[in-house]
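Peer 1: Input input19.cif, format and content: mmCIF, N, CA and C atoms.
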data_final
loop_
_atom_site.label_atom_id
_atom_site.label_comp_id
_atom_site.auth_asym_id
_atom_site.auth_seq_id
_atom_site.Cartn_x
_atom_site.Cartn_y
_atom_site.Cartn_z
N MET A 907 -14.16 -8.14 -31.48
CA MET A 907 -14.67 -8.63 -30.22
C MET A 907 -13.54 -9.04 -29.29
N MET A 908 -12.56 -9.72 -29.83
CA MET A 908 -11.43 -10.19 -29.02
C MET A 908 -10.60 -9.00 -28.52
N ASP A 909 -10.50 -7.95 -29.34
CA ASP A 909 -9.78 -6.76 -28.92
C ASP A 909 -10.46 -6.10 -27.73
N THR A 910 -11.77 -6.07 -27.73
CA THR A 910 -12.52 -5.47 -26.64
C THR A 910 -12.31 -6.24 -25.35
N VAL A 911 -12.34 -7.55 -25.43
CA VAL A 911 -12.11 -8.38 -24.26
C VAL A 911 -10.70 -8.18 -23.73
N LEU A 912 -9.74 -8.08 -24.61
CA LEU A 912 -8.35 -7.86 -24.21
C LEU A 912 -8.18 -6.51 -23.52
N VAL A 913 -8.78 -5.48 -24.07
CA VAL A 913 -8.69 -4.13 -23.48
C VAL A 913 -9.35 -4.11 -22.11
N ILE A 914 -10.52 -4.69 -21.98
CA ILE A 914 -11.21 -4.73 -20.69
C ILE A 914 -10.39 -5.52 -19.68
N SER A 915 -9.81 -6.62 -20.09
CA SER A 915 -8.98 -7.42 -19.19
C SER A 915 -7.75 -6.65 -18.73
N LEU A 916 -7.10 -5.95 -19.63
CA LEU A 916 -5.91 -5.19 -19.27
C LEU A 916 -6.23 -4.01 -18.36
N VAL A 917 -7.34 -3.32 -18.62
CA VAL A 917 -7.75 -2.21 -17.76
C VAL A 917 -8.09 -2.73 -16.37
N THR A 918 -8.77 -3.86 -16.28
CA THR A 918 -9.10 -4.46 -14.99
C THR A 918 -7.83 -4.86 -14.24
N LEU A 919 -6.89 -5.43 -14.93
CA LEU A 919 -5.63 -5.84 -14.31
C LEU A 919 -4.83 -4.62 -13.83
N MET A 920 -4.82 -3.55 -14.61
CA MET A 920 -4.13 -2.33 -14.20
C MET A 920 -4.79 -1.71 -12.97
N CYS A 921 -6.12 -1.69 -12.92
CA CYS A 921 -6.84 -1.16 -11.75
C CYS A 921 -6.53 -1.98 -10.52
N PHE A 922 -6.48 -3.29 -10.66
CA PHE A 922 -6.15 -4.19 -9.56
C PHE A 922 -4.74 -3.91 -9.05
N PHE A 923 -3.79 -3.74 -9.95
CA PHE A 923 -2.40 -3.46 -9.58
C PHE A 923 -2.28 -2.12 -8.85
N VAL A 924 -2.92 -1.08 -9.37
CA VAL A 924 -2.88 0.25 -8.75
C VAL A 924 -3.51 0.20 -7.36
N TRP A 925 -4.63 -0.48 -7.23
CA TRP A 925 -5.31 -0.61 -5.94
C TRP A 925 -4.37 -1.25 -4.91
N HIS A 926 -3.68 -2.31 -5.31
CA HIS A 926 -2.79 -3.00 -4.38
C HIS A 926 -1.55 -2.18 -4.02
N ILE A 927 -1.06 -1.38 -4.92
CA ILE A 927 0.07 -0.51 -4.59
C ILE A 927 -0.34 0.50 -3.53
N PHE A 928 -1.50 1.13 -3.69
CA PHE A 928 -1.95 2.11 -2.70
C PHE A 928 -2.35 1.43 -1.39
N ALA A 929 -2.89 0.23 -1.46
CA ALA A 929 -3.20 -0.52 -0.24
C ALA A 929 -1.91 -0.86 0.51
N LEU A 930 -0.85 -1.15 -0.21
CA LEU A 930 0.44 -1.42 0.42
C LEU A 930 0.96 -0.19 1.14
N VAL A 931 0.82 0.97 0.55
CA VAL A 931 1.26 2.22 1.21
C VAL A 931 0.48 2.42 2.51
N GLY A 932 -0.82 2.23 2.48
CA GLY A 932 -1.64 2.38 3.67
C GLY A 932 -1.28 1.39 4.76
N GLU A 933 -1.08 0.14 4.39
CA GLU A 933 -0.71 -0.89 5.37
C GLU A 933 0.68 -0.63 5.96
N MET A 934 1.60 -0.18 5.13
CA MET A 934 2.94 0.14 5.65
C MET A 934 2.87 1.28 6.64
N ALA A 935 2.05 2.29 6.37
CA ALA A 935 1.91 3.41 7.29
C ALA A 935 1.30 2.94 8.61
N LYS A 936 0.26 2.13 8.54
CA LYS A 936 -0.38 1.61 9.76
C LYS A 936 0.60 0.76 10.57
N ASP A 937 1.37 -0.07 9.89
CA ASP A 937 2.33 -0.93 10.58
C ASP A 937 3.42 -0.14 11.28
N ARG A 938 3.63 1.09 10.85
CA ARG A 938 4.65 1.94 11.47
C ARG A 938 4.04 2.95 12.45
N GLY A 939 2.75 2.81 12.72
CA GLY A 939 2.09 3.65 13.70
C GLY A 939 1.69 5.02 13.19
N HIS A 940 1.57 5.18 11.89
CA HIS A 940 1.19 6.46 11.30
C HIS A 940 -0.24 6.39 10.77
N ASN A 941 -0.86 7.55 10.65
CA ASN A 941 -2.14 7.66 9.98
C ASN A 941 -1.88 7.46 8.48
N PRO A 942 -2.61 6.55 7.81
CA PRO A 942 -2.31 6.28 6.40
C PRO A 942 -2.72 7.38 5.43
N TRP A 943 -3.67 8.27 5.82
CA TRP A 943 -4.18 9.27 4.88
C TRP A 943 -3.11 10.23 4.35
N PRO A 944 -2.25 10.81 5.21
CA PRO A 944 -1.22 11.69 4.64
C PRO A 944 -0.28 10.95 3.70
N TRP A 945 0.00 9.70 4.01
CA TRP A 945 0.89 8.92 3.15
C TRP A 945 0.22 8.57 1.83
N LEU A 946 -1.08 8.31 1.87
CA LEU A 946 -1.79 8.05 0.62
C LEU A 946 -1.85 9.30 -0.25
N LEU A 947 -2.08 10.46 0.38
CA LEU A 947 -2.08 11.71 -0.38
C LEU A 947 -0.70 12.02 -0.96
N LEU A 948 0.34 11.74 -0.17
CA LEU A 948 1.69 11.93 -0.69
C LEU A 948 1.96 11.01 -1.87
N SER A 949 1.51 9.78 -1.77
CA SER A 949 1.74 8.85 -2.87
C SER A 949 0.95 9.24 -4.12
N LEU A 950 -0.21 9.87 -3.94
CA LEU A 950 -0.96 10.37 -5.10
C LEU A 950 -0.26 11.57 -5.74
N ALA A 951 0.26 12.45 -4.89
CA ALA A 951 0.88 13.68 -5.40
C ALA A 951 2.28 13.42 -5.94
N TRP A 952 2.98 12.47 -5.37
CA TRP A 952 4.37 12.28 -5.74
C TRP A 952 4.55 10.96 -6.46
N SER A 953 4.73 9.88 -5.70
CA SER A 953 4.90 8.57 -6.29
C SER A 953 4.65 7.51 -5.23
N PRO A 954 3.83 6.52 -5.52
CA PRO A 954 3.63 5.48 -4.51
C PRO A 954 4.90 4.68 -4.24
N PHE A 955 5.72 4.49 -5.25
CA PHE A 955 6.95 3.72 -5.05
C PHE A 955 7.95 4.48 -4.19
N ALA A 956 8.04 5.79 -4.37
CA ALA A 956 8.93 6.60 -3.53
C ALA A 956 8.40 6.64 -2.09
N THR A 957 7.08 6.69 -1.93
CA THR A 957 6.50 6.68 -0.59
C THR A 957 6.78 5.36 0.11
N ILE A 958 6.72 4.26 -0.61
CA ILE A 958 7.05 2.95 -0.04
C ILE A 958 8.51 2.93 0.41
N VAL A 959 9.41 3.48 -0.40
CA VAL A 959 10.82 3.51 -0.04
C VAL A 959 11.05 4.38 1.19
N ILE A 960 10.38 5.53 1.27
CA ILE A 960 10.53 6.41 2.44
C ILE A 960 10.04 5.71 3.70
N LEU A 961 8.88 5.09 3.64
CA LEU A 961 8.36 4.39 4.81
C LEU A 961 9.28 3.25 5.21
N TRP A 962 9.79 2.53 4.25
CA TRP A 962 10.66 1.40 4.53
C TRP A 962 12.00 1.85 5.11
N ALA A 963 12.56 2.91 4.58
CA ALA A 963 13.91 3.32 4.96
C ALA A 963 13.97 4.13 6.26
N PHE A 964 12.97 4.96 6.52
CA PHE A 964 13.09 5.92 7.61
C PHE A 964 12.22 5.64 8.83
N PHE A 965 11.31 4.68 8.75
CA PHE A 965 10.41 4.43 9.87
C PHE A 965 10.46 2.95 10.25
N ASP A 966 10.62 2.68 11.54
CA ASP A 966 10.66 1.31 12.03
C ASP A 966 9.24 0.80 12.26
N LEU A 967 9.10 -0.51 12.20
CA LEU A 967 7.82 -1.13 12.50
C LEU A 967 7.52 -1.01 13.98
N LYS A 968 6.27 -0.79 14.30
CA LYS A 968 5.84 -0.77 15.70
C LYS A 968 5.58 -2.21 16.11
N GLU A 969 6.18 -2.61 17.23
CA GLU A 969 5.98 -3.98 17.68
C GLU A 969 4.70 -4.08 18.49
N VAL A 970 3.93 -5.09 18.17
CA VAL A 970 2.68 -5.33 18.89
C VAL A 970 2.96 -6.39 19.94
N PRO A 971 2.59 -6.14 21.18
CA PRO A 971 2.83 -7.17 22.20
C PRO A 971 2.06 -8.44 21.88
N SER A 972 2.69 -9.56 22.14
CA SER A 972 2.06 -10.83 21.81
C SER A 972 0.91 -11.11 22.77
N GLN A 973 -0.05 -11.83 22.31
CA GLN A 973 -1.23 -12.15 23.10
C GLN A 973 -1.16 -13.59 23.64
N ALA A 974 0.06 -14.06 23.89
CA ALA A 974 0.23 -15.41 24.40
C ALA A 974 -0.32 -15.49 25.83
N PRO A 975 -1.06 -16.55 26.11
CA PRO A 975 -1.61 -16.68 27.46
C PRO A 975 -0.49 -16.98 28.48
N GLU A 976 -0.63 -16.37 29.65
CA GLU A 976 0.37 -16.60 30.69
C GLU A 976 -0.04 -17.82 31.50
N ARG A 977 0.96 -18.52 32.03
CA ARG A 977 0.68 -19.71 32.85
C ARG A 977 0.91 -19.44 34.28
#
What do you get writing this file as structure tokens?

Peer 2:
Amino acid sequence: MMDTVLVISLVTLMCFFVWHIFALVGEMAKDRGHNPWPWLLLSLAWSPFATIVILWAFFDLKEVPSQAPER
């Protein structure tokens, strides 16, 4: 019984970790002004960690103008 609980817990934790890695790829692509779908497909076909490094190294963040009220 305890083995089953441990296996289910580990599988759930691994799914959570994988989900967050791919969510990070999508958010990084959006933050750089790119459509996230090609980057997600690249991370599935190649490596999510390599895709993160490519996005980080070769693409700058798009700056969003501040919404501060003018006086």

Peer 1: Just so the selection is clear, what residues does the PyMOL selection byres (((chain A and resi 958-968 and name CA) around 10) and name CA) cover here, as a PyMOL selection string?

Peer 2: chain A and resi 927-928+930-932+934-940+945+949+953-957+969-971

Peer 1: Could you write out the selected residues, including N, CA and C atoms, as a JSON list (two decimals), keeping the file's coordinate frame?

Peer 2:
[["chain", "number", "residue", "atom", "x", "y", "z"],
["A", 927, "ILE", "N", -1.06, -1.38, -4.92],
["A", 927, "ILE", "CA", 0.07, -0.51, -4.59],
["A", 927, "ILE", "C", -0.34, 0.50, -3.53],
["A", 928, "PHE", "N", -1.50, 1.13, -3.69],
["A", 928, "PHE", "CA", -1.95, 2.11, -2.70],
["A", 928, "PHE", "C", -2.35, 1.43, -1.39],
["A", 930, "LEU", "N", -0.85, -1.15, -0.21],
["A", 930, "LEU", "CA", 0.44, -1.42, 0.42],
["A", 930, "LEU", "C", 0.96, -0.19, 1.14],
["A", 931, "VAL", "N", 0.82, 0.97, 0.55],
["A", 931, "VAL", "CA", 1.26, 2.22, 1.21],
["A", 931, "VAL", "C", 0.48, 2.42, 2.51],
["A", 932, "GLY", "N", -0.82, 2.23, 2.48],
["A", 932, "GLY", "CA", -1.64, 2.38, 3.67],
["A", 932, "GLY", "C", -1.28, 1.39, 4.76],
["A", 934, "MET", "N", 1.60, -0.18, 5.13],
["A", 934, "MET", "CA", 2.94, 0.14, 5.65],
["A", 934, "MET", "C", 2.87, 1.28, 6.64],
["A", 935, "ALA", "N", 2.05, 2.29, 6.37],
["A", 935, "ALA", "CA", 1.91, 3.41, 7.29],
["A", 935, "ALA", "C", 1.30, 2.94, 8.61],
["A", 936, "LYS", "N", 0.26, 2.13, 8.54],
["A", 936, "LYS", "CA", -0.38, 1.61, 9.76],
["A", 936, "LYS", "C", 0.60, 0.76, 10.57],
["A", 937, "ASP", "N", 1.37, -0.07, 9.89],
["A", 937, "ASP", "CA", 2.33, -0.93, 10.58],
["A", 937, "ASP", "C", 3.42, -0.14, 11.28],
["A", 938, "ARG", "N", 3.63, 1.09, 10.85],
["A", 938, "ARG", "CA", 4.65, 1.94, 11.47],
["A", 938, "ARG", "C", 4.04, 2.95, 12.45],
["A", 939, "GLY", "N", 2.75, 2.81, 12.72],
["A", 939, "GLY", "CA", 2.09, 3.65, 13.70],
["A", 939, "GLY", "C", 1.69, 5.02, 13.19],
["A", 940, "HIS", "N", 1.57, 5.18, 11.89],
["A", 940, "HIS", "CA", 1.19, 6.46, 11.30],
["A", 940, "HIS", "C", -0.24, 6.39, 10.77],
["A", 945, "TRP", "N", 0.00, 9.70, 4.01],
["A", 945, "TRP", "CA", 0.89, 8.92, 3.15],
["A", 945, "TRP", "C", 0.22, 8.57, 1.83],
["A", 949, "SER", "N", 1.51, 9.78, -1.77],
["A", 949, "SER", "CA", 1.74, 8.85, -2.87],
["A", 949, "SER", "C", 0.95, 9.24, -4.12],
["A", 953, "SER", "N", 4.73, 9.88, -5.70],
["A", 953, "SER", "CA", 4.90, 8.57, -6.29],
["A", 953, "SER", "C", 4.65, 7.51, -5.23],
["A", 954, "PRO", "N", 3.83, 6.52, -5.52],
["A", 954, "PRO", "CA", 3.63, 5.48, -4.51],
["A", 954, "PRO", "C", 4.90, 4.68, -4.24],
["A", 955, "PHE", "N", 5.72, 4.49, -5.25],
["A", 955, "PHE", "CA", 6.95, 3.72, -5.05],
["A", 955, "PHE", "C", 7.95, 4.48, -4.19],
["A", 956, "ALA", "N", 8.04, 5.79, -4.37],
["A", 956, "ALA", "CA", 8.93, 6.60, -3.53],
["A", 956, "ALA", "C", 8.40, 6.64, -2.09],
["A", 957, "THR", "N", 7.08, 6.69, -1.93],
["A", 957, "THR", "CA", 6.50, 6.68, -0.59],
["A", 957, "THR", "C", 6.78, 5.36, 0.11],
["A", 969, "GLU", "N", 6.18, -2.61, 17.23],
["A", 969, "GLU", "CA", 5.98, -3.98, 17.68],
["A", 969, "GLU", "C", 4.70, -4.08, 18.49],
["A", 970, "VAL", "N", 3.93, -5.09, 18.17],
["A", 970, "VAL", "CA", 2.68, -5.33, 18.89],
["A", 970, "VAL", "C", 2.96, -6.39, 19.94],
["A", 971, "PRO", "N", 2.59, -6.14, 21.18],
["A", 971, "PRO", "CA", 2.83, -7.17, 22.20],
["A", 971, "PRO", "C", 2.06, -8.44, 21.88]]

Peer 1: At what distance in Å, to one decimal, does atom C of Glu933 in chain A lie from atom N of Leu946 in chain A?

Peer 2: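 Result for atom N of Leu946 in chain A versus atom C of Glu933 in chain A: 10.0 Å, one decimal.
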
Peer 1: What parts of chain A does DSSP call alpha helix (DSSP H)? I'd like the answer as number ranges by chain.

Peer 2: A: 908-937, 942-951, 954-964

Peer 1: Suppose you want the space between atom N of Leu947 in chain A and atom N of His926 in chain A; what is it in Å?

Peer 2: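 For atom N of Leu947 in chain A relative to atom N of His926 in chain A, the distance reads 14.1 Å.
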
Peer 1: Centre and edge lengths, as JSON, for the axis-aligned box enclosing every listed atom of range 916-932 of chain A with 4 Å of padding on each of the six sides, in Å to one decimal?

Peer 2:
{"center_x": -3.9, "center_y": -1.8, "center_z": -7.4, "size_x": 18.4, "size_y": 16.4, "size_z": 32.4}

Peer 1: What is the atom C of Val924 in chain A-atom N of Met907 in chain A distance in Å, reported with one decimal?

Peer 2: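 Going from atom C of Val924 in chain A over to atom N of Met907 in chain A, I get 27.7 Å.
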